[in-house]
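Below is one structure; the comments refer to it alone.
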Amino acid sequence: MGANIILKYLGERDHVPTEVKAAIAISAPCDLNGACVELHKLKNSAYASRFLSHLKASLKLKMEKFPNEMSLETFNSIKTLRDFDNVYTSKAHGFVDAADYYEKSSSRQFLPNIKTPTLIINALNDSFLSPECYPVKEAKNNPNLFLEMPEHGGHVGFISKNNVYYNEQRALEFVNSLG
């Protein structure tokens, strides 16, 4: 989610602080609805289940501190990540539901406005990303966007030889290329 957030931040502002010279987004879910659909597919069920379990454990702790904010029945209705976003994430942040949250919080719509040099590395074998998460058209039309789509790397797993990570190496090269 951090990659989506930085892209959205850069694209929705007319002015970014001058201290921000460049940005790098790794495995960016530029379309949150598409990424959610991918996460719910069988190939990602272990990840989705573990992620949901972690989110529900955190929510349970919040419920102990704020017992009047959510009923146990509502909590028990959460069976998927989308349910979690419908029941908790969207409401906690002022959205109508998960669909509203995904639509308004996805960075893809903001990419044409990015003025800061930005490298996006989304591996083609990232099982969490839907086709909509690869902003090819936006990168072609915005000289500040540099989209790389390596064949391998999975979701933030760009392991190369000698314990060197491709994404880290490319990030350093990108920043150094800007002078």
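In the structure tokens, chains take the letters A, B, ... in the order shown, each chain's residues start at 1, and ligands count up from 1 in the order shown.
When the distance limit is 8 Å and only C-alpha atoms are what count, the residues near region 88-91 of chain A, minus those fewer than 6 positions from it on the same chain, are Asp97, Ala98, Asp100 and Tyr101 of chain A.
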Quick one: write out the picked residues with all heavy atoms as a short mmCIF file (atom, residue, chain, number, x, y, z; two decimals), in the first residue's frame?
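Dumped to result_5.cif:
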data_model
loop_
_atom_site.label_atom_id
_atom_site.label_comp_id
_atom_site.auth_asym_id
_atom_site.auth_seq_id
_atom_site.Cartn_x
_atom_site.Cartn_y
_atom_site.Cartn_z
N ASP A 97 -18.07 2.82 1.31
CA ASP A 97 -17.84 1.38 1.38
C ASP A 97 -16.50 1.08 0.72
O ASP A 97 -15.77 2.00 0.32
CB ASP A 97 -18.97 0.60 0.71
CG ASP A 97 -19.23 1.01 -0.73
OD1 ASP A 97 -18.36 1.65 -1.36
OD2 ASP A 97 -20.32 0.69 -1.24
N ALA A 98 -16.17 -0.20 0.59
CA ALA A 98 -14.89 -0.59 0.00
C ALA A 98 -14.76 -0.08 -1.43
O ALA A 98 -13.69 0.41 -1.82
CB ALA A 98 -14.72 -2.11 0.05
N ASP A 100 -16.03 2.56 -2.83
CA ASP A 100 -15.76 4.00 -2.78
C ASP A 100 -14.31 4.25 -2.36
O ASP A 100 -13.61 5.08 -2.95
CB ASP A 100 -16.74 4.65 -1.80
CG ASP A 100 -16.63 6.17 -1.75
OD1 ASP A 100 -16.58 6.81 -2.83
OD2 ASP A 100 -16.63 6.72 -0.63
N TYR A 101 -13.86 3.52 -1.36
CA TYR A 101 -12.48 3.63 -0.89
C TYR A 101 -11.50 3.27 -1.99
O TYR A 101 -10.55 4.00 -2.26
CB TYR A 101 -12.31 2.73 0.35
CG TYR A 101 -10.89 2.38 0.72
CD1 TYR A 101 -9.95 3.38 0.99
CD2 TYR A 101 -10.49 1.05 0.81
CE1 TYR A 101 -8.64 3.04 1.35
CE2 TYR A 101 -9.20 0.71 1.16
CZ TYR A 101 -8.28 1.71 1.42
OH TYR A 101 -6.99 1.38 1.77
#
Give me, as CSV, each residue of region 129-173 of chain A that comes within 9 Å of region 102-111 of chain A, together with its shortest interatomic pair and the distance in Å at one decimal, counting only C-alpha atoms, with rows ordered by chain and rising residue number.
residue,atom,partner,partner_atom,distance
A:Glu132,CA,A:Arg108,CA,8.4
A:Cys133,CA,A:Arg108,CA,7.6
A:Tyr134,CA,A:Arg108,CA,8.9
A:Pro135,CA,A:Arg108,CA,6.9
A:Glu138,CA,A:Leu111,CA,6.4
A:Ala139,CA,A:Leu111,CA,8.0
A:Asn142,CA,A:Leu111,CA,8.0
A:Leu145,CA,A:Leu111,CA,7.9
Next, dump the selected residues to file, keeping only all heavy atoms, as a PDB file, in the first residue's frame.
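Once written, selection_2.pdb looks like this:
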ATOM      1  N   GLU A 132      -4.717  -3.730 -14.462  1.00  0.00           N
ATOM      2  CA  GLU A 132      -4.907  -2.283 -14.270  1.00  0.00           C
ATOM      3  C   GLU A 132      -3.813  -1.655 -13.410  1.00  0.00           C
ATOM      4  O   GLU A 132      -3.690  -0.435 -13.352  1.00  0.00           O
ATOM      5  CB  GLU A 132      -6.280  -2.014 -13.621  1.00  0.00           C
ATOM      6  CG  GLU A 132      -7.461  -2.434 -14.452  1.00  0.00           C
ATOM      7  CD  GLU A 132      -7.777  -3.936 -14.346  1.00  0.00           C
ATOM      8  OE1 GLU A 132      -7.310  -4.610 -13.402  1.00  0.00           O
ATOM      9  OE2 GLU A 132      -8.495  -4.417 -15.245  1.00  0.00           O
ATOM     10  N   CYS A 133      -3.015  -2.477 -12.753  1.00  0.00           N
ATOM     11  CA  CYS A 133      -1.940  -1.976 -11.888  1.00  0.00           C
ATOM     12  C   CYS A 133      -0.651  -1.681 -12.657  1.00  0.00           C
ATOM     13  O   CYS A 133       0.338  -1.271 -12.053  1.00  0.00           O
ATOM     14  CB  CYS A 133      -1.665  -2.976 -10.768  1.00  0.00           C
ATOM     15  SG  CYS A 133      -3.019  -3.122  -9.576  1.00  0.00           S
ATOM     16  N   TYR A 134      -0.679  -1.886 -13.960  1.00  0.00           N
ATOM     17  CA  TYR A 134       0.491  -1.617 -14.805  1.00  0.00           C
ATOM     18  C   TYR A 134       0.174  -0.394 -15.672  1.00  0.00           C
ATOM     19  O   TYR A 134      -0.407  -0.517 -16.745  1.00  0.00           O
ATOM     20  CB  TYR A 134       0.822  -2.843 -15.673  1.00  0.00           C
ATOM     21  CG  TYR A 134       1.203  -4.038 -14.839  1.00  0.00           C
ATOM     22  CD1 TYR A 134       0.236  -4.922 -14.373  1.00  0.00           C
ATOM     23  CD2 TYR A 134       2.530  -4.269 -14.493  1.00  0.00           C
ATOM     24  CE1 TYR A 134       0.574  -6.014 -13.587  1.00  0.00           C
ATOM     25  CE2 TYR A 134       2.881  -5.362 -13.711  1.00  0.00           C
ATOM     26  CZ  TYR A 134       1.898  -6.224 -13.261  1.00  0.00           C
ATOM     27  OH  TYR A 134       2.241  -7.296 -12.471  1.00  0.00           O
ATOM     28  N   PRO A 135       0.538   0.803 -15.213  1.00  0.00           N
ATOM     29  CA  PRO A 135       0.139   2.039 -15.879  1.00  0.00           C
ATOM     30  C   PRO A 135       1.000   2.396 -17.099  1.00  0.00           C
ATOM     31  O   PRO A 135       1.691   3.416 -17.125  1.00  0.00           O
ATOM     32  CB  PRO A 135       0.281   3.078 -14.768  1.00  0.00           C
ATOM     33  CG  PRO A 135       1.410   2.553 -13.938  1.00  0.00           C
ATOM     34  CD  PRO A 135       1.257   1.052 -13.969  1.00  0.00           C
ATOM     35  N   GLU A 138      -0.088   5.752 -18.899  1.00  0.00           N
ATOM     36  CA  GLU A 138       0.252   6.919 -18.077  1.00  0.00           C
ATOM     37  C   GLU A 138       1.749   7.197 -18.120  1.00  0.00           C
ATOM     38  O   GLU A 138       2.171   8.356 -18.183  1.00  0.00           O
ATOM     39  CB  GLU A 138      -0.216   6.708 -16.631  1.00  0.00           C
ATOM     40  CG  GLU A 138      -1.720   6.704 -16.460  1.00  0.00           C
ATOM     41  CD  GLU A 138      -2.400   5.372 -16.769  1.00  0.00           C
ATOM     42  OE1 GLU A 138      -1.747   4.444 -17.280  1.00  0.00           O
ATOM     43  OE2 GLU A 138      -3.598   5.258 -16.497  1.00  0.00           O
ATOM     44  N   ALA A 139       2.560   6.145 -18.086  1.00  0.00           N
ATOM     45  CA  ALA A 139       4.018   6.323 -18.131  1.00  0.00           C
ATOM     46  C   ALA A 139       4.465   6.850 -19.489  1.00  0.00           C
ATOM     47  O   ALA A 139       5.376   7.682 -19.565  1.00  0.00           O
ATOM     48  CB  ALA A 139       4.718   5.002 -17.811  1.00  0.00           C
ATOM     49  N   ASN A 142       3.586  10.664 -19.527  1.00  0.00           N
ATOM     50  CA  ASN A 142       4.118  11.545 -18.490  1.00  0.00           C
ATOM     51  C   ASN A 142       5.638  11.370 -18.435  1.00  0.00           C
ATOM     52  O   ASN A 142       6.129  10.330 -18.011  1.00  0.00           O
ATOM     53  CB  ASN A 142       3.497  11.227 -17.129  1.00  0.00           C
ATOM     54  CG  ASN A 142       3.947  12.176 -16.036  1.00  0.00           C
ATOM     55  OD1 ASN A 142       4.983  12.823 -16.136  1.00  0.00           O
ATOM     56  ND2 ASN A 142       3.174  12.266 -14.971  1.00  0.00           N
ATOM     57  N   LEU A 145       7.292   9.896 -15.240  1.00  0.00           N
ATOM     58  CA  LEU A 145       7.037   8.525 -14.796  1.00  0.00           C
ATOM     59  C   LEU A 145       7.916   7.557 -15.564  1.00  0.00           C
ATOM     60  O   LEU A 145       7.961   7.594 -16.786  1.00  0.00           O
ATOM     61  CB  LEU A 145       5.574   8.143 -15.044  1.00  0.00           C
ATOM     62  CG  LEU A 145       4.537   8.627 -14.062  1.00  0.00           C
ATOM     63  CD1 LEU A 145       3.164   8.060 -14.442  1.00  0.00           C
ATOM     64  CD2 LEU A 145       4.869   8.271 -12.634  1.00  0.00           C
TER      65      LEU A 145
END
- prompt: Looking at only C-alpha atoms, which of A:Leu147, A:Ala57, A:Leu172, A:Ala22 is the one that sits closest to Ile120 (chain A)?
  reply: A:Leu147
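In this model, the gap between CA of Asn4 (chain A) and CA of Ala25 (chain A) comes to 7.5 Å.
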message: as a ChimeraX atom specification, please: every residue in region 25-179 of chain A that a backbone DSSP assignment puts in strand (DSSP E).
response: /A:25-26,118-121,145-148
So that I have them on file, write out the residues from the current selection with all heavy atoms, as a CSV table (one decimal), in the first residue's frame.
chain,number,residue,atom,x,y,z
A,25,ALA,N,8.4,3.6,-6.4
A,25,ALA,CA,7.3,2.8,-6.0
A,25,ALA,C,7.5,1.4,-6.5
A,25,ALA,O,7.7,1.1,-7.6
A,25,ALA,CB,6.0,3.3,-6.6
A,26,ILE,N,7.6,0.4,-5.5
A,26,ILE,CA,7.9,-1.0,-5.8
A,26,ILE,C,6.6,-1.8,-5.6
A,26,ILE,O,5.9,-1.7,-4.6
A,26,ILE,CB,9.0,-1.5,-4.9
A,26,ILE,CG1,10.2,-0.6,-4.9
A,26,ILE,CG2,9.3,-3.0,-5.2
A,26,ILE,CD1,11.0,-0.5,-6.1
A,118,THR,N,9.7,9.8,-11.0
A,118,THR,CA,9.1,8.7,-10.2
A,118,THR,C,9.4,7.4,-11.0
A,118,THR,O,8.9,7.3,-12.1
A,118,THR,CB,7.6,8.9,-9.9
A,118,THR,OG1,7.4,10.1,-9.2
A,118,THR,CG2,7.1,7.7,-9.1
A,119,LEU,N,10.0,6.5,-10.3
A,119,LEU,CA,10.3,5.1,-10.9
A,119,LEU,C,9.2,4.2,-10.3
A,119,LEU,O,9.1,4.1,-9.0
A,119,LEU,CB,11.7,4.7,-10.5
A,119,LEU,CG,12.0,3.2,-10.9
A,119,LEU,CD1,12.0,3.0,-12.4
A,119,LEU,CD2,13.4,2.9,-10.3
A,120,ILE,N,8.5,3.5,-11.1
A,120,ILE,CA,7.6,2.4,-10.7
A,120,ILE,C,8.1,1.1,-11.2
A,120,ILE,O,8.4,1.0,-12.4
A,120,ILE,CB,6.2,2.6,-11.2
A,120,ILE,CG1,5.6,4.0,-10.8
A,120,ILE,CG2,5.3,1.5,-10.8
A,120,ILE,CD1,4.3,4.4,-11.5
A,121,ILE,N,8.4,0.1,-10.3
A,121,ILE,CA,8.8,-1.2,-10.7
A,121,ILE,C,7.7,-2.2,-10.3
A,121,ILE,O,7.5,-2.4,-9.1
A,121,ILE,CB,10.1,-1.6,-10.0
A,121,ILE,CG1,11.2,-0.6,-10.3
A,121,ILE,CG2,10.6,-3.0,-10.5
A,121,ILE,CD1,12.6,-0.8,-9.6
A,145,LEU,N,7.3,9.9,-15.2
A,145,LEU,CA,7.0,8.5,-14.8
A,145,LEU,C,7.9,7.6,-15.6
A,145,LEU,O,8.0,7.6,-16.8
A,145,LEU,CB,5.6,8.1,-15.0
A,145,LEU,CG,4.5,8.6,-14.1
A,145,LEU,CD1,3.2,8.1,-14.4
A,145,LEU,CD2,4.9,8.3,-12.6
A,146,PHE,N,8.6,6.7,-14.8
A,146,PHE,CA,9.5,5.7,-15.4
A,146,PHE,C,9.0,4.3,-14.9
A,146,PHE,O,9.2,4.0,-13.8
A,146,PHE,CB,10.9,5.9,-15.0
A,146,PHE,CG,11.4,7.3,-15.4
A,146,PHE,CD1,11.2,8.4,-14.6
A,146,PHE,CD2,12.0,7.5,-16.6
A,146,PHE,CE1,11.6,9.7,-15.0
A,146,PHE,CE2,12.5,8.8,-17.0
A,146,PHE,CZ,12.2,9.9,-16.2
A,147,LEU,N,8.3,3.6,-15.8
A,147,LEU,CA,7.7,2.3,-15.5
A,147,LEU,C,8.6,1.2,-15.9
A,147,LEU,O,8.9,1.2,-17.1
A,147,LEU,CB,6.3,2.2,-16.1
A,147,LEU,CG,5.6,0.8,-15.9
A,147,LEU,CD1,5.3,0.5,-14.5
A,147,LEU,CD2,4.3,0.8,-16.7
A,148,GLU,N,9.0,0.3,-15.0
A,148,GLU,CA,9.7,-0.9,-15.4
A,148,GLU,C,8.9,-2.1,-15.0
A,148,GLU,O,8.4,-2.1,-13.9
A,148,GLU,CB,11.1,-0.9,-14.7
A,148,GLU,CG,12.0,0.2,-15.2
A,148,GLU,CD,13.4,0.1,-14.6
A,148,GLU,OE1,13.7,-0.9,-13.9
A,148,GLU,OE2,14.2,1.1,-14.8
field: Contact residues around Leu81 (chain A) with only C-alpha atoms at 8 Å, ignoring same-chain residues under 3 positions, as a PyMOL selection string
entry: chain A and resi 36+40+48+52+78+84-85
- prompt: Please, which residues of region 16-136 of chain A, numbered as in this document, come out helix (DSSP H, G or I) from DSSP, as an MDAnalysis selection string?
  reply: chainID A and resid 32:39 42:65 72:76 81:92 98:105 108:113 131:133 136
